[in-house]
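Scroll down for the structure; my scribbles are underneath it.
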Amino acid sequence: MTFKHIVVMPKMSMTMETGELINYHVSPGQHVKSGDLLFEVMTDKIDMEVDSPADGVITTLIGEVGATIEIGKPVLEMETETQVISFDFSESPADIPPEVAAIPAQPVITPPAPVTPAVVLPSSVLAVPKARAMAAEKGIDIRTVVPTGPDKTIMAADVANAQQNPELAKRRAGNQALIAARIAEGSLIPQATFNKTFAIENKLSDAKIMKTWARVLKEALSTEIGVAKVTPSIYGSALPVYKNIESMDEASLTSLITSTTASAANGKVPLAMLSGASSTLFDLRELKLESGRLGLLPGQSSTLTIGSGKKGKISLSLTVDLRVFDLYDAAALLARFITIL
Amino acid sequence: MHKCESGKMTTTQLLKGNPLSSKEHATHALLYMWKVRKFEEAVKDLFGRGMMHGTMHLSIGQEASATGMCLALDLADQITSTHRGHGHCIAKGADLTRMIAELLGKKIGYCGGRGGSMHIADVETGNLGANGVVGGGIPIAVGAALASKLQKKGTVAVSFFGDGAMNEGAFHEAANLAAIWKLPVIFFCENNHYGMSSSTEKAFAIDKLSDRGLGYGIPGVTVDGNNIVEVYEAAQAAVARAKNGEGPTIIEAVTYRWEGHSRSDKNLYRTKEEIEEWKHKDPIPKFISILLEKNLLSQQEIDAVQQQAYDEIMQAVNEAVKAESAEPSGLLDAVFKKVSA
Amino acid sequence: MSDKSDKTDTNSRMLTMAESLREAMTIAMTERDDVFLMGEDVGIYGGAFGVSSEMQNKFGPERIIDTPISELGIVGAAVGAALAGMRPIVEIQFSDFTAQAMDQIANQAAKIHFMLGGALHVPLVLRTPQGSGTGAAAQHSQVLETWFANIPGLKVVVPSNPADAKGLLLSAIDDPNPVIFLEHKLLYKFPGRDSVPEGSQRIPLGVSKVVRRGSDLTIVATGIMVNKSWDVAEKLAAEGINITLIDPRTISPLDMEPIHESVLETGRLLVVQEGPSHGGFINEVIARVSESSTFGSLIAPIKRLAGMNIPIPYAPQLERAAVPQVEDIEAAAREIVKNWR
């Protein structure tokens, strides 16, 4: 009794998927013994031999020489004298074991995903996780929080401090942006800066300084004079404009300055004082700064800063619009200012 | 008889005793050798069709050493095996369907698809597991023998290993422990002349591997591993020694594997002539000729045994192929045995 | 026995860790017949660190087994005995020598239950001393907890004090899985802060212990670092800095619950281990906090104190410098609390 047996392209290594049939060493009708060479296969650049599984006769050569044949697909058919252990699942595909299935992700034993911040902004600040979480929760832009932690890292406490009025941060940022924009605009005005230090024995009050400066400008320009005074506010800096103060008496001006400053501190500046400035005055002495320069603001023809200077002297820095004042005018303004004081 | 109805797997232990002692014994011995042979051929075929993942280490040609040793053991006696362990597993009485199922990555496989060819264990038949590490099972078998002695169970442990493992530190440490404590363990070395590609000529400075026992005070014997009767007789003597409290024995069974080390072995380290020479010493025809000579079984009976083995393998494969594939869910829970409350 | 376990007076229950471990093993071996101890010098000598002192007199040489110097063979034999139904405790004289036995620990014991689909399990306890401070130099001073923690299939326990050690060892012996029990050499000879409870009460594996509570800082430490951290916590409490100290006790599987709970409260985390920082176990705690929503509660970067990435040096001042000391922990704790709000 003989058995029909199909020799398939065998898988000869872990990764082999196909083999190239190089040549046959047998032909149809040929008798073979178990172990005789049937055909050669090229796989992974290596020549492999496939031997006969039993004694028998070759009947049909199925695969084409030179063809690339998938593993498990028929190459030749033979008749064998003994029954060869062989499984043909080609008709009804067997339950092929799946490739290594993906291992399910390690279950995280801890609470679920991290808090996503409500405000998604590119951040270039360092902040501890809790700070970011708090800022996100309160709708605060983390970039506006002042860091007091090591390496300028924003700590939770810093956000807690900034947290009192969430609107505040927004207003501050807005205000700051506005000032910056105006200075930028003003920087296009042709301007020059002149500095002078002088000594004075009497104390100089805010009122006296402002009134004197207003008077100097009135003399020079003859137009209505408004002096904007840089004043601290919860929104950063405020610039209330004091108009026509050159002839005001000192006491009244002082109380005006006081009340305006107090309002400005709370973020309120009277409507009338929001515009009409010819010049901006910045007293740096309260900040204990020796000197400083402030660029022009659009619509104004000068800015004046007053610093604490060295050794009891006062230092002045005057920046003028060159379309309004000549180069020598600035010196004159300063001289006049000092003289009156 | 090996039963295998779907849903209910039963295995029968080998009929213990000299294969020439009766017709029944002869039939069983021949059947099991054929089962091993057909099983390995089936694995070769299935792997060649791309149906098995990884690689396979086939023991075709070594049937007599596995079967001959197991003929001397009880069900309760334990074995540890190697990466080339299908033969030991079957010879000790494992269920063929569950074995193929494991190789196909099925749920009903011995390891639920998680171990593969090299890690099959069968507790019911005393098989403590095949091992992917060369020499890994040797100290484990010694441990099982230690437990047997401490608990006075009267059982024997057999460590199957190859010539390559005899150079692992694990062999030497385990052999010494077994010798000093006179443990009931048998060190069964299947010398098939090659540890993957390194020949015993190059890996050993001695000719008879059983001489290694001298260094540890363990008696050793070298037998023709392809003669099932010779193997049985040495095995039986070793078992008697062990059960008598005389300690370990080393049995070196000289044999040969027809296939390469694994499925990707290109046999570059040995010649076709050598393989052919050993094929002529095929243990199965060798045993058959003895049976015919002694008139123990007729040719008809012998053919029937081969047919039975063929049928059982075919049935096992066809059943296993239809079984459900193993799934990744439950992998994390499979690492530890649950601690009972 | 000359130890103090017979007395019931609370003061004398201030046992050293060697005594409490001995007590645990004695209880386990009295409760069950299948528990035995094997290792180098554990019998007549009583163990290199005296842990099994006098136990062989009580239990005999078949239950307290002296072995030759064969770590691989011994651990392998323990695996085999465990597979055969016993509960071996194997002592490896220095944790550094577990390297000799790594195949049996990592490839066999850890993987058998999983690989074999649950058919067999390995109820084995491997006890071994670890840690530096005795001038034993590089090959006898390592902390290798992370090696074992990274092998799925092993449970890893690191007791920090005698009371815990007793209850944990009893649970480890009960556990049907392989447990690596790492004892710090420096703890053997000293009592801890707490008395060791009488009786056979178990401490479950996989449960972290909150050693003390405080809302300013969370410290997670292992082994001897728990005790150093305690000293720091005591000192800083007097200054109003209150620390939660957590001892995981079982590092694999790791109980993170109290750690998450505490970090959510304090927002500050300091982790301390003796082993080298690179790839050290304590990094797992950091990883788990960082990948969970607990991350969002951090008000400070996580601080890690660990051993230098060097082999342990010999000279005492060098040996000290290689691992965190009390002053290092104190400085780190102060810094985090002071600088981060």
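In the structure tokens, each chain is lettered A, B, ... as it comes, each chain's residues begin at 1, and ligands are numbered from 1 in order of appearance.
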List the neighbours of Ile219 of chain C out to 7 Å using only C-alpha atoms; skip same-chain residues closer than 3 positions along the sequence, and give me the result as a list in words.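 Answer for this query is Thr244, Leu245, Ile246, Leu269, Leu270 and Val271 of chain C.
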Please determine the contact residues of chain C with respect to chain B at a cut-off of 8 Å, counting only C-alpha atoms, and supply them as a VMD selection string. chain C and resid 62 67 to 68 70 72 to 86 103 to 104 107 to 108 111 113 to 121 152 to 153 175 to 177
Output N, CA and C atoms of each residue in that selection to a file, as an mmCIF file, in the first residue's frame.
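Below is the file that was written, result.cif:
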data_model
loop_
_atom_site.group_PDB
_atom_site.id
_atom_site.type_symbol
_atom_site.label_atom_id
_atom_site.label_comp_id
_atom_site.auth_asym_id
_atom_site.auth_seq_id
_atom_site.Cartn_x
_atom_site.Cartn_y
_atom_site.Cartn_z
ATOM 1 N N GLU C 62 18.738 16.781 60.139
ATOM 2 C CA GLU C 62 17.944 16.614 58.932
ATOM 3 C C GLU C 62 17.024 17.787 58.697
ATOM 4 N N THR C 67 25.555 22.583 54.464
ATOM 5 C CA THR C 67 25.862 22.247 53.076
ATOM 6 C C THR C 67 27.301 22.622 52.754
ATOM 7 N N PRO C 68 27.853 22.014 51.720
ATOM 8 C CA PRO C 68 29.144 22.487 51.228
ATOM 9 C C PRO C 68 28.970 23.844 50.543
ATOM 10 N N SER C 70 28.272 25.545 47.806
ATOM 11 C CA SER C 70 27.716 25.263 46.469
ATOM 12 C C SER C 70 26.417 26.022 46.304
ATOM 13 N N LEU C 72 24.791 27.493 43.937
ATOM 14 C CA LEU C 72 23.910 27.122 42.834
ATOM 15 C C LEU C 72 23.254 25.779 43.134
ATOM 16 N N GLY C 73 24.054 24.843 43.606
ATOM 17 C CA GLY C 73 23.530 23.522 43.933
ATOM 18 C C GLY C 73 22.531 23.577 45.076
ATOM 19 N N ILE C 74 22.844 24.374 46.087
ATOM 20 C CA ILE C 74 21.974 24.458 47.263
ATOM 21 C C ILE C 74 20.633 25.075 46.896
ATOM 22 N N VAL C 75 20.678 26.189 46.193
ATOM 23 C CA VAL C 75 19.407 26.840 45.850
ATOM 24 C C VAL C 75 18.624 25.947 44.904
ATOM 25 N N GLY C 76 19.314 25.300 43.963
ATOM 26 C CA GLY C 76 18.634 24.380 43.060
ATOM 27 C C GLY C 76 17.988 23.239 43.815
ATOM 28 N N ALA C 77 18.698 22.706 44.772
ATOM 29 C CA ALA C 77 18.133 21.617 45.567
ATOM 30 C C ALA C 77 16.913 22.130 46.340
ATOM 31 N N ALA C 78 16.991 23.357 46.820
ATOM 32 C CA ALA C 78 15.847 23.935 47.529
ATOM 33 C C ALA C 78 14.658 24.057 46.585
ATOM 34 N N VAL C 79 14.915 24.478 45.358
ATOM 35 C CA VAL C 79 13.823 24.573 44.380
ATOM 36 C C VAL C 79 13.196 23.200 44.181
ATOM 37 N N GLY C 80 14.049 22.194 44.015
ATOM 38 C CA GLY C 80 13.549 20.838 43.811
ATOM 39 C C GLY C 80 12.743 20.345 44.994
ATOM 40 N N ALA C 81 13.243 20.614 46.202
ATOM 41 C CA ALA C 81 12.523 20.178 47.399
ATOM 42 C C ALA C 81 11.186 20.899 47.492
ATOM 43 N N ALA C 82 11.170 22.163 47.105
ATOM 44 C CA ALA C 82 9.920 22.931 47.135
ATOM 45 C C ALA C 82 8.931 22.367 46.129
ATOM 46 N N LEU C 83 9.412 22.021 44.953
ATOM 47 C CA LEU C 83 8.526 21.437 43.948
ATOM 48 C C LEU C 83 7.971 20.101 44.430
ATOM 49 N N ALA C 84 8.780 19.409 45.228
ATOM 50 C CA ALA C 84 8.350 18.103 45.723
ATOM 51 C C ALA C 84 7.487 18.224 46.971
ATOM 52 N N GLY C 85 7.121 19.434 47.360
ATOM 53 C CA GLY C 85 6.136 19.614 48.426
ATOM 54 C C GLY C 85 6.665 20.060 49.773
ATOM 55 N N MET C 86 7.954 20.356 49.882
ATOM 56 C CA MET C 86 8.451 20.829 51.178
ATOM 57 C C MET C 86 8.577 22.349 51.165
ATOM 58 N N ASP C 103 20.844 31.428 38.312
ATOM 59 C CA ASP C 103 19.990 30.669 37.402
ATOM 60 C C ASP C 103 18.830 30.059 38.170
ATOM 61 N N GLN C 104 19.131 29.473 39.312
ATOM 62 C CA GLN C 104 18.060 28.812 40.059
ATOM 63 C C GLN C 104 17.079 29.821 40.657
ATOM 64 N N ASN C 107 15.872 32.178 36.869
ATOM 65 C CA ASN C 107 15.328 31.436 35.737
ATOM 66 C C ASN C 107 14.448 30.275 36.151
ATOM 67 N N GLN C 108 14.685 29.754 37.350
ATOM 68 C CA GLN C 108 13.898 28.601 37.777
ATOM 69 C C GLN C 108 12.831 29.028 38.781
ATOM 70 N N LYS C 111 10.259 31.713 37.820
ATOM 71 C CA LYS C 111 9.462 31.538 36.614
ATOM 72 C C LYS C 111 8.624 30.272 36.547
ATOM 73 N N HIS C 113 6.212 28.857 38.325
ATOM 74 C CA HIS C 113 4.751 28.904 38.446
ATOM 75 C C HIS C 113 4.114 29.471 37.181
ATOM 76 N N PHE C 114 4.708 30.517 36.642
ATOM 77 C CA PHE C 114 4.156 31.155 35.438
ATOM 78 C C PHE C 114 4.356 30.276 34.210
ATOM 79 N N MET C 115 5.602 29.837 34.002
ATOM 80 C CA MET C 115 5.932 29.086 32.790
ATOM 81 C C MET C 115 5.156 27.800 32.682
ATOM 82 N N LEU C 116 4.929 27.186 33.826
ATOM 83 C CA LEU C 116 4.259 25.895 33.817
ATOM 84 C C LEU C 116 2.753 26.055 33.959
ATOM 85 N N GLY C 117 2.257 27.250 33.728
ATOM 86 C CA GLY C 117 0.824 27.486 33.745
ATOM 87 C C GLY C 117 0.180 27.195 35.078
ATOM 88 N N GLY C 118 0.933 27.353 36.176
ATOM 89 C CA GLY C 118 0.347 27.149 37.500
ATOM 90 C C GLY C 118 0.379 25.708 37.979
ATOM 91 N N ALA C 119 0.935 24.789 37.169
ATOM 92 C CA ALA C 119 0.932 23.376 37.550
ATOM 93 C C ALA C 119 1.768 23.121 38.797
ATOM 94 N N LEU C 120 2.843 23.878 38.961
ATOM 95 C CA LEU C 120 3.715 23.708 40.116
ATOM 96 C C LEU C 120 4.006 25.079 40.712
ATOM 97 N N HIS C 121 4.366 25.085 41.991
ATOM 98 C CA HIS C 121 4.788 26.349 42.572
ATOM 99 C C HIS C 121 5.987 26.104 43.471
ATOM 100 N N PRO C 152 10.110 39.425 37.764
ATOM 101 C CA PRO C 152 8.743 39.015 38.078
ATOM 102 C C PRO C 152 8.716 37.574 38.549
ATOM 103 N N GLY C 153 7.963 37.320 39.596
ATOM 104 C CA GLY C 153 7.879 35.961 40.120
ATOM 105 C C GLY C 153 8.550 35.814 41.465
ATOM 106 N N ASP C 175 4.134 31.694 52.552
ATOM 107 C CA ASP C 175 3.814 32.061 51.171
ATOM 108 C C ASP C 175 4.165 30.933 50.205
ATOM 109 N N PRO C 176 3.251 30.598 49.289
ATOM 110 C CA PRO C 176 3.543 29.512 48.346
ATOM 111 C C PRO C 176 4.486 29.917 47.213
ATOM 112 N N ASN C 177 4.993 31.142 47.261
ATOM 113 C CA ASN C 177 5.868 31.622 46.192
ATOM 114 C C ASN C 177 7.284 31.855 46.712
#
Nearby residues (only C-alpha atoms) at most 12 Å from Tyr328 of chain A, same-chain spacing under 5 positions excluded, as a VMD selection string: chain A and resid 192 to 194 320 322 333 to 335
Near Thr266 of chain C, within 6 Å and counting only C-alpha atoms, which residues show up once chain neighbours fewer than 2 positions away are dropped, as a PDB file with C-alpha atoms, in the first residue's frame?
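After the write, selection.pdb holds the following:
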ATOM      1  CA  SER C 215       2.378  66.770  57.682  1.00  0.00           C
ATOM      2  CA  ASP C 216       5.542  68.551  56.553  1.00  0.00           C
ATOM      3  CA  LEU C 217       7.463  65.909  54.681  1.00  0.00           C
ATOM      4  CA  VAL C 263       2.458  62.826  49.566  1.00  0.00           C
ATOM      5  CA  LEU C 264      -0.974  64.225  48.828  1.00  0.00           C
ATOM      6  CA  ARG C 268       7.160  66.868  49.727  1.00  0.00           C
TER       7      ARG C 268
END
Which one of B:Leu71, B:Phe188, B:Gly215, B:Lys243 sits closest to Gly154 of chain B if you count only C-alpha atoms? B:Lys243
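The smallest atom-to-atom distance between chain A and any of C:Glu319, C:Glu274, C:Glu261, C:Glu40, using only C-alpha atoms, is found for C:Glu261.
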Near chain A, which residues of chain C fall within 12 Å when you count only C-alpha atoms, and what do they look like as a VMD selection string? chain C and resid 253 to 261 263 to 268 285 287 to 302 335 to 341
Keeping only C-alpha atoms, write those residues as a PDB file, in the first residue's frame.
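Everything below was put into part-v9.pdb:
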ATOM      1  CA  PRO C 253       4.987  43.623  45.472  1.00  0.00           C
ATOM      2  CA  LEU C 254       4.996  47.253  46.560  1.00  0.00           C
ATOM      3  CA  ASP C 255       2.144  48.819  48.561  1.00  0.00           C
ATOM      4  CA  MET C 256       2.001  52.431  47.404  1.00  0.00           C
ATOM      5  CA  GLU C 257      -1.269  53.419  49.067  1.00  0.00           C
ATOM      6  CA  PRO C 258       0.073  55.062  52.224  1.00  0.00           C
ATOM      7  CA  ILE C 259       2.783  56.736  50.186  1.00  0.00           C
ATOM      8  CA  HIS C 260       0.296  58.376  47.831  1.00  0.00           C
ATOM      9  CA  GLU C 261      -1.866  59.357  50.780  1.00  0.00           C
ATOM     10  CA  VAL C 263       2.458  62.826  49.566  1.00  0.00           C
ATOM     11  CA  LEU C 264      -0.974  64.225  48.828  1.00  0.00           C
ATOM     12  CA  GLU C 265      -0.887  65.658  52.342  1.00  0.00           C
ATOM     13  CA  THR C 266       2.693  66.883  52.605  1.00  0.00           C
ATOM     14  CA  GLY C 267       3.529  67.666  48.970  1.00  0.00           C
ATOM     15  CA  ARG C 268       7.160  66.868  49.727  1.00  0.00           C
ATOM     16  CA  VAL C 285       8.588  54.849  44.295  1.00  0.00           C
ATOM     17  CA  ALA C 287       8.266  56.627  39.170  1.00  0.00           C
ATOM     18  CA  ARG C 288       4.933  55.626  40.613  1.00  0.00           C
ATOM     19  CA  VAL C 289       4.372  58.999  42.268  1.00  0.00           C
ATOM     20  CA  SER C 290       5.396  60.796  39.071  1.00  0.00           C
ATOM     21  CA  GLU C 291       3.133  58.823  36.783  1.00  0.00           C
ATOM     22  CA  SER C 292       0.032  59.285  38.914  1.00  0.00           C
ATOM     23  CA  SER C 293      -2.154  62.211  39.856  1.00  0.00           C
ATOM     24  CA  THR C 294      -0.222  62.434  43.126  1.00  0.00           C
ATOM     25  CA  PHE C 295       2.378  64.240  41.024  1.00  0.00           C
ATOM     26  CA  GLY C 296       0.153  67.301  40.919  1.00  0.00           C
ATOM     27  CA  SER C 297       0.322  67.649  44.676  1.00  0.00           C
ATOM     28  CA  LEU C 298       4.081  68.093  44.823  1.00  0.00           C
ATOM     29  CA  ILE C 299       5.198  71.483  46.055  1.00  0.00           C
ATOM     30  CA  ALA C 300       8.859  70.516  45.800  1.00  0.00           C
ATOM     31  CA  PRO C 301      10.936  68.363  43.473  1.00  0.00           C
ATOM     32  CA  ILE C 302      11.270  64.782  44.721  1.00  0.00           C
ATOM     33  CA  GLU C 335      16.420  71.789  52.812  1.00  0.00           C
ATOM     34  CA  ILE C 336      13.210  70.604  51.265  1.00  0.00           C
ATOM     35  CA  VAL C 337      11.045  71.904  54.067  1.00  0.00           C
ATOM     36  CA  LYS C 338      12.826  75.219  54.277  1.00  0.00           C
ATOM     37  CA  ASN C 339      13.114  76.008  50.582  1.00  0.00           C
ATOM     38  CA  TRP C 340       9.818  74.767  49.226  1.00  0.00           C
ATOM     39  CA  ARG C 341       6.391  76.024  50.255  1.00  0.00           C
TER      40      ARG C 341
END
Could you pull out the alpha helix (DSSP H) residues of segment 142-234 of chain A from DSSP and send them as an MDAnalysis selection string? chainID A and resid 156:162 166:186 206:221
Within 9 Å of chain A, which residues of chain B are there when counting only C-alpha atoms? Please give them as a PyMOL selection string. chain B and resi 38-39+41-42+44-55+104-106+262-266+276+307+310+313-314+317-318+321-329+331-332
Among segment 117-290 of chain A, which residues does DSSP mark as strand (DSSP E) when it is run on the backbone? Keep the chain and numbering as in the structure and answer as a VMD selection string. chain A and resid 126 to 127 153 to 154 191 to 198 226 to 229 231 to 233 236 to 238 241 to 243 279 to 283
Using only C-alpha atoms, which residue out of B:Ala242, B:Val221, B:Ala94, B:Ala64 lies closest to Leu209 of chain B?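 The answer is B:Val221, which sits nearest to Leu209 of chain B.
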Can you pull out every residue within 6 Å of Val125 of chain C, counting only C-alpha atoms, but drop anything in the same chain fewer than 2 positions away, and send it as a compact mmCIF listing (two decimals) with N, CA and C atoms, in the first residue's frame?
# COMPACT_ATOMS: atom_id res chain seq x y z
N ILE C 89 13.90 26.68 53.71
CA ILE C 89 14.47 28.00 53.90
C ILE C 89 15.94 27.83 53.56
N PRO C 178 8.27 31.98 45.80
CA PRO C 178 9.64 32.20 46.27
C PRO C 178 9.78 33.61 46.85
N VAL C 179 10.32 33.72 48.04
CA VAL C 179 10.50 35.00 48.71
C VAL C 179 11.98 35.20 48.99
Write out as a ChimeraX atom specification the residues lying within 9 Å of segment 280-284 of chain B, counting only C-alpha atoms and excluding same-chain residues fewer than 5 positions away. /B:30,33-34,61-65,225-228,275,289
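Within the 7 Å cut-off around Arg84 of chain B, using only C-alpha atoms and omitting residues fewer than 4 positions from it on the same chain, the listed residues are His57, Leu58 and Ser59 of chain B.
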File dump, residues just selected, C-alpha atoms, as a short mmCIF file (atom, residue, chain, number, x, y, z; two decimals), in the first residue's frame:
data_model
loop_
_atom_site.label_atom_id
_atom_site.label_comp_id
_atom_site.auth_asym_id
_atom_site.auth_seq_id
_atom_site.Cartn_x
_atom_site.Cartn_y
_atom_site.Cartn_z
CA HIS B 57 14.51 20.75 19.78
CA LEU B 58 13.72 17.30 18.42
CA SER B 59 14.86 14.03 19.91
#
Restricting the calculation to only C-alpha atoms, which member of C:Val226, C:Ala138, C:Leu187, C:Ala99 is positioned closest to Val210 of chain C?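 Nearest candidate to Val210 of chain C out of C:Val226, C:Ala138, C:Leu187, C:Ala99: C:Val226.
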Between atom CA of Ala205 of chain B and atom CA of Asp224 of chain B, what distance in Å does the model show, to one decimal? 20.5 Å
